[in-house]
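Coordinates as given in coords_8.pdb (PDB, C-alpha atoms):
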```pdb
ATOM      1  CA  MET A   1       4.202   7.415  -7.771
ATOM      2  CA  LEU A   2       6.967   8.522  -5.445
ATOM      3  CA  ARG A   3       7.246   7.302  -1.878
ATOM      4  CA  LEU A   4       9.370   8.620   0.979
ATOM      5  CA  CYS A   5      11.850   5.883   1.835
ATOM      6  CA  GLU A   6      14.297   7.618   4.154
ATOM      7  CA  LYS A   7      14.480  10.825   6.150
ATOM      8  CA  GLU A   8      17.665  12.109   7.760
ATOM      9  CA  VAL A   9      18.048  15.193   9.941
ATOM     10  CA  ILE A  10      21.549  16.701  10.191
ATOM     11  CA  VAL A  11      22.197  19.176  12.983
ATOM     12  CA  THR A  12      25.453  21.116  13.112
ATOM     13  CA  THR A  13      26.545  23.604  15.736
ATOM     14  CA  GLY A  14      29.539  25.891  15.532
ATOM     15  CA  THR A  15      30.961  28.500  17.894
ATOM     16  CA  PHE A  16      32.941  31.444  16.643
ATOM     17  CA  GLU A  17      35.013  33.613  18.959
ATOM     18  CA  PHE A  18      34.974  37.336  18.281
ATOM     19  CA  ALA A  19      36.550  40.230  20.195
ATOM     20  CA  ASP A  20      33.219  41.178  21.771
ATOM     21  CA  GLY A  21      32.110  37.599  22.579
ATOM     22  CA  ALA A  22      31.359  34.153  21.266
ATOM     23  CA  VAL A  23      28.646  33.497  18.672
ATOM     24  CA  THR A  24      27.032  30.071  18.418
ATOM     25  CA  ILE A  25      25.447  29.096  15.107
ATOM     26  CA  SER A  26      23.122  26.101  14.919
ATOM     27  CA  GLU A  27      21.989  24.704  11.576
ATOM     28  CA  ARG A  28      19.494  21.965  10.881
ATOM     29  CA  GLU A  29      19.033  20.249   7.518
ATOM     30  CA  THR A  30      16.440  17.686   6.626
ATOM     31  CA  HIS A  31      17.303  15.282   3.803
ATOM     32  CA  GLU A  32      14.441  13.243   2.358
ATOM     33  CA  LEU A  33      15.051  10.432  -0.108
ATOM     34  CA  TYR A  34      12.216   9.425  -2.414
ATOM     35  CA  ARG A  35      12.009   6.399  -4.673
ATOM     36  CA  ALA A  36       9.737   5.713  -7.581
ATOM     37  CA  GLU A  37       7.277   3.019  -6.668
ATOM     38  CA  MET A  38       6.288   0.618  -9.401
ATOM     39  CA  PRO A  39       2.709  -0.636  -9.510
ATOM     40  CA  SER A  40       2.167  -4.066  -8.074
ATOM     41  CA  PRO A  41       2.316  -6.889 -10.659
ATOM     42  CA  THR A  42      -0.798  -8.299  -8.972
ATOM     43  CA  ARG A  43      -2.819  -5.479 -10.496
ATOM     44  CA  LEU A  44      -1.696  -6.557 -13.945
ATOM     45  CA  ILE A  45      -2.808 -10.138 -13.289
ATOM     46  CA  ILE A  46      -6.208  -8.960 -12.069
ATOM     47  CA  GLY A  47      -6.504  -6.667 -15.093
ATOM     48  CA  ASP A  48      -5.817  -9.608 -17.420
ATOM     49  CA  ALA A  49      -8.391 -11.738 -15.593
ATOM     50  CA  ILE A  50     -11.026  -9.027 -15.971
ATOM     51  CA  GLU A  51     -10.333  -8.699 -19.704
ATOM     52  CA  ARG A  52     -10.546 -12.473 -20.203
ATOM     53  CA  THR A  53     -13.819 -12.596 -18.273
ATOM     54  CA  LYS A  54     -15.268  -9.821 -20.442
ATOM     55  CA  GLU A  55     -14.235 -11.726 -23.587
ATOM     56  CA  PHE A  56     -15.800 -14.945 -22.227
ATOM     57  CA  VAL A  57     -19.081 -13.199 -21.403
ATOM     58  CA  SER A  58     -19.158 -11.549 -24.830
ATOM     59  CA  LYS A  59     -18.602 -14.886 -26.626
ATOM     60  CA  ALA A  60     -21.177 -16.653 -24.424
ATOM     61  CA  ARG A  61     -23.791 -13.981 -25.200
ATOM     62  CA  ALA A  62     -23.121 -14.304 -28.929
ATOM     63  CA  GLU A  63     -23.472 -18.099 -28.730
ATOM     64  CA  PHE A  64     -26.719 -17.858 -26.720
ATOM     65  CA  THR A  65     -28.122 -15.373 -29.225
ATOM     66  CA  GLU A  66     -27.280 -17.729 -32.084
ATOM     67  CA  MET A  67     -28.758 -20.722 -30.216
ATOM     68  CA  ASN A  68     -31.904 -18.720 -29.431
ATOM     69  CA  SER A  69     -32.436 -17.879 -33.109
ATOM     70  CA  VAL A  70     -31.964 -21.558 -34.098
ATOM     71  CA  LEU A  71     -34.461 -22.673 -31.464
ATOM     72  CA  SER A  72     -36.927 -20.008 -32.610
ATOM     73  CA  GLU A  73     -36.699 -21.319 -36.195
ATOM     74  CA  LEU A  74     -37.249 -24.905 -35.007
ATOM     75  CA  ALA A  75     -40.224 -23.871 -32.875
ATOM     76  CA  ALA A  76     -41.774 -22.102 -35.884
ATOM     77  CA  ARG A  77     -41.593 -25.293 -37.981
TER
END
```

Can I see the file as structure tokens?
Amino acid sequence: MLRLCEKEVIVTTGTFEFADGAVTISERETHELYRAEMPSPTRLIIGDAIERTKEFVSKARAEFTEMNSVLSELAAR
């Protein structure tokens, strides 16, 4: 992602004298400087936390499923 970090307007005016009169020339330039913006490291930390939470939930479900089958076998006896 690019973000505008600085904007500079340069105005120049020049007058040239000719035999039939003076001519004034005005020029205006706009210079814009952009910088690449790196993603916030906070997003990476949150992303890691989400992945770890998903892994925890997945393991917990597997353990509960296993415990449920053991309890079902004991109840049948």

Residues in the PyMOL selection byres ((chain A and resi 6) around 9), expressed as a PyMOL selection string: chain A and resi 4-5+7-8+31-34

Selection result of the PyMOL selection byres ((chain A and resi 35) around 6) on this file, as a count of residues only: 4

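Interatomic distance, CA of Leu74 (chain A) against CA of Phe56 (chain A): 26.9 Å.
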
Atom pair CA of Glu73 (chain A) / CA of Lys59 (chain A): separation (Å): 21.5 Å

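CA of Thr12 (chain A) sits 5.2 Å away from CA of Glu27 (chain A).
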
Exercise on region 28-40 of chain A, axis-aligned box with 4 Å per side, report centre and edge lengths in Å to one decimal, as lines of an AutoDock Vina configuration file:
```
center_x = 10.8
center_y = 8.9
center_z = 0.7
size_x = 25.3
size_y = 34.0
size_z = 28.4
```

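This file, filtered with the PyMOL selection byres ((chain A and resi 13) around 10), gives the residues A:Val11, A:Thr12, A:Gly14, A:Thr15, A:Thr24, A:Ile25, A:Ser26, A:Glu27, A:Arg28.
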
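Considering all atoms listed in the file, the residue among A:Met1, A:Ile10, A:Ala76, A:Ala62 positioned nearest to Thr30 (chain A) is A:Ile10.
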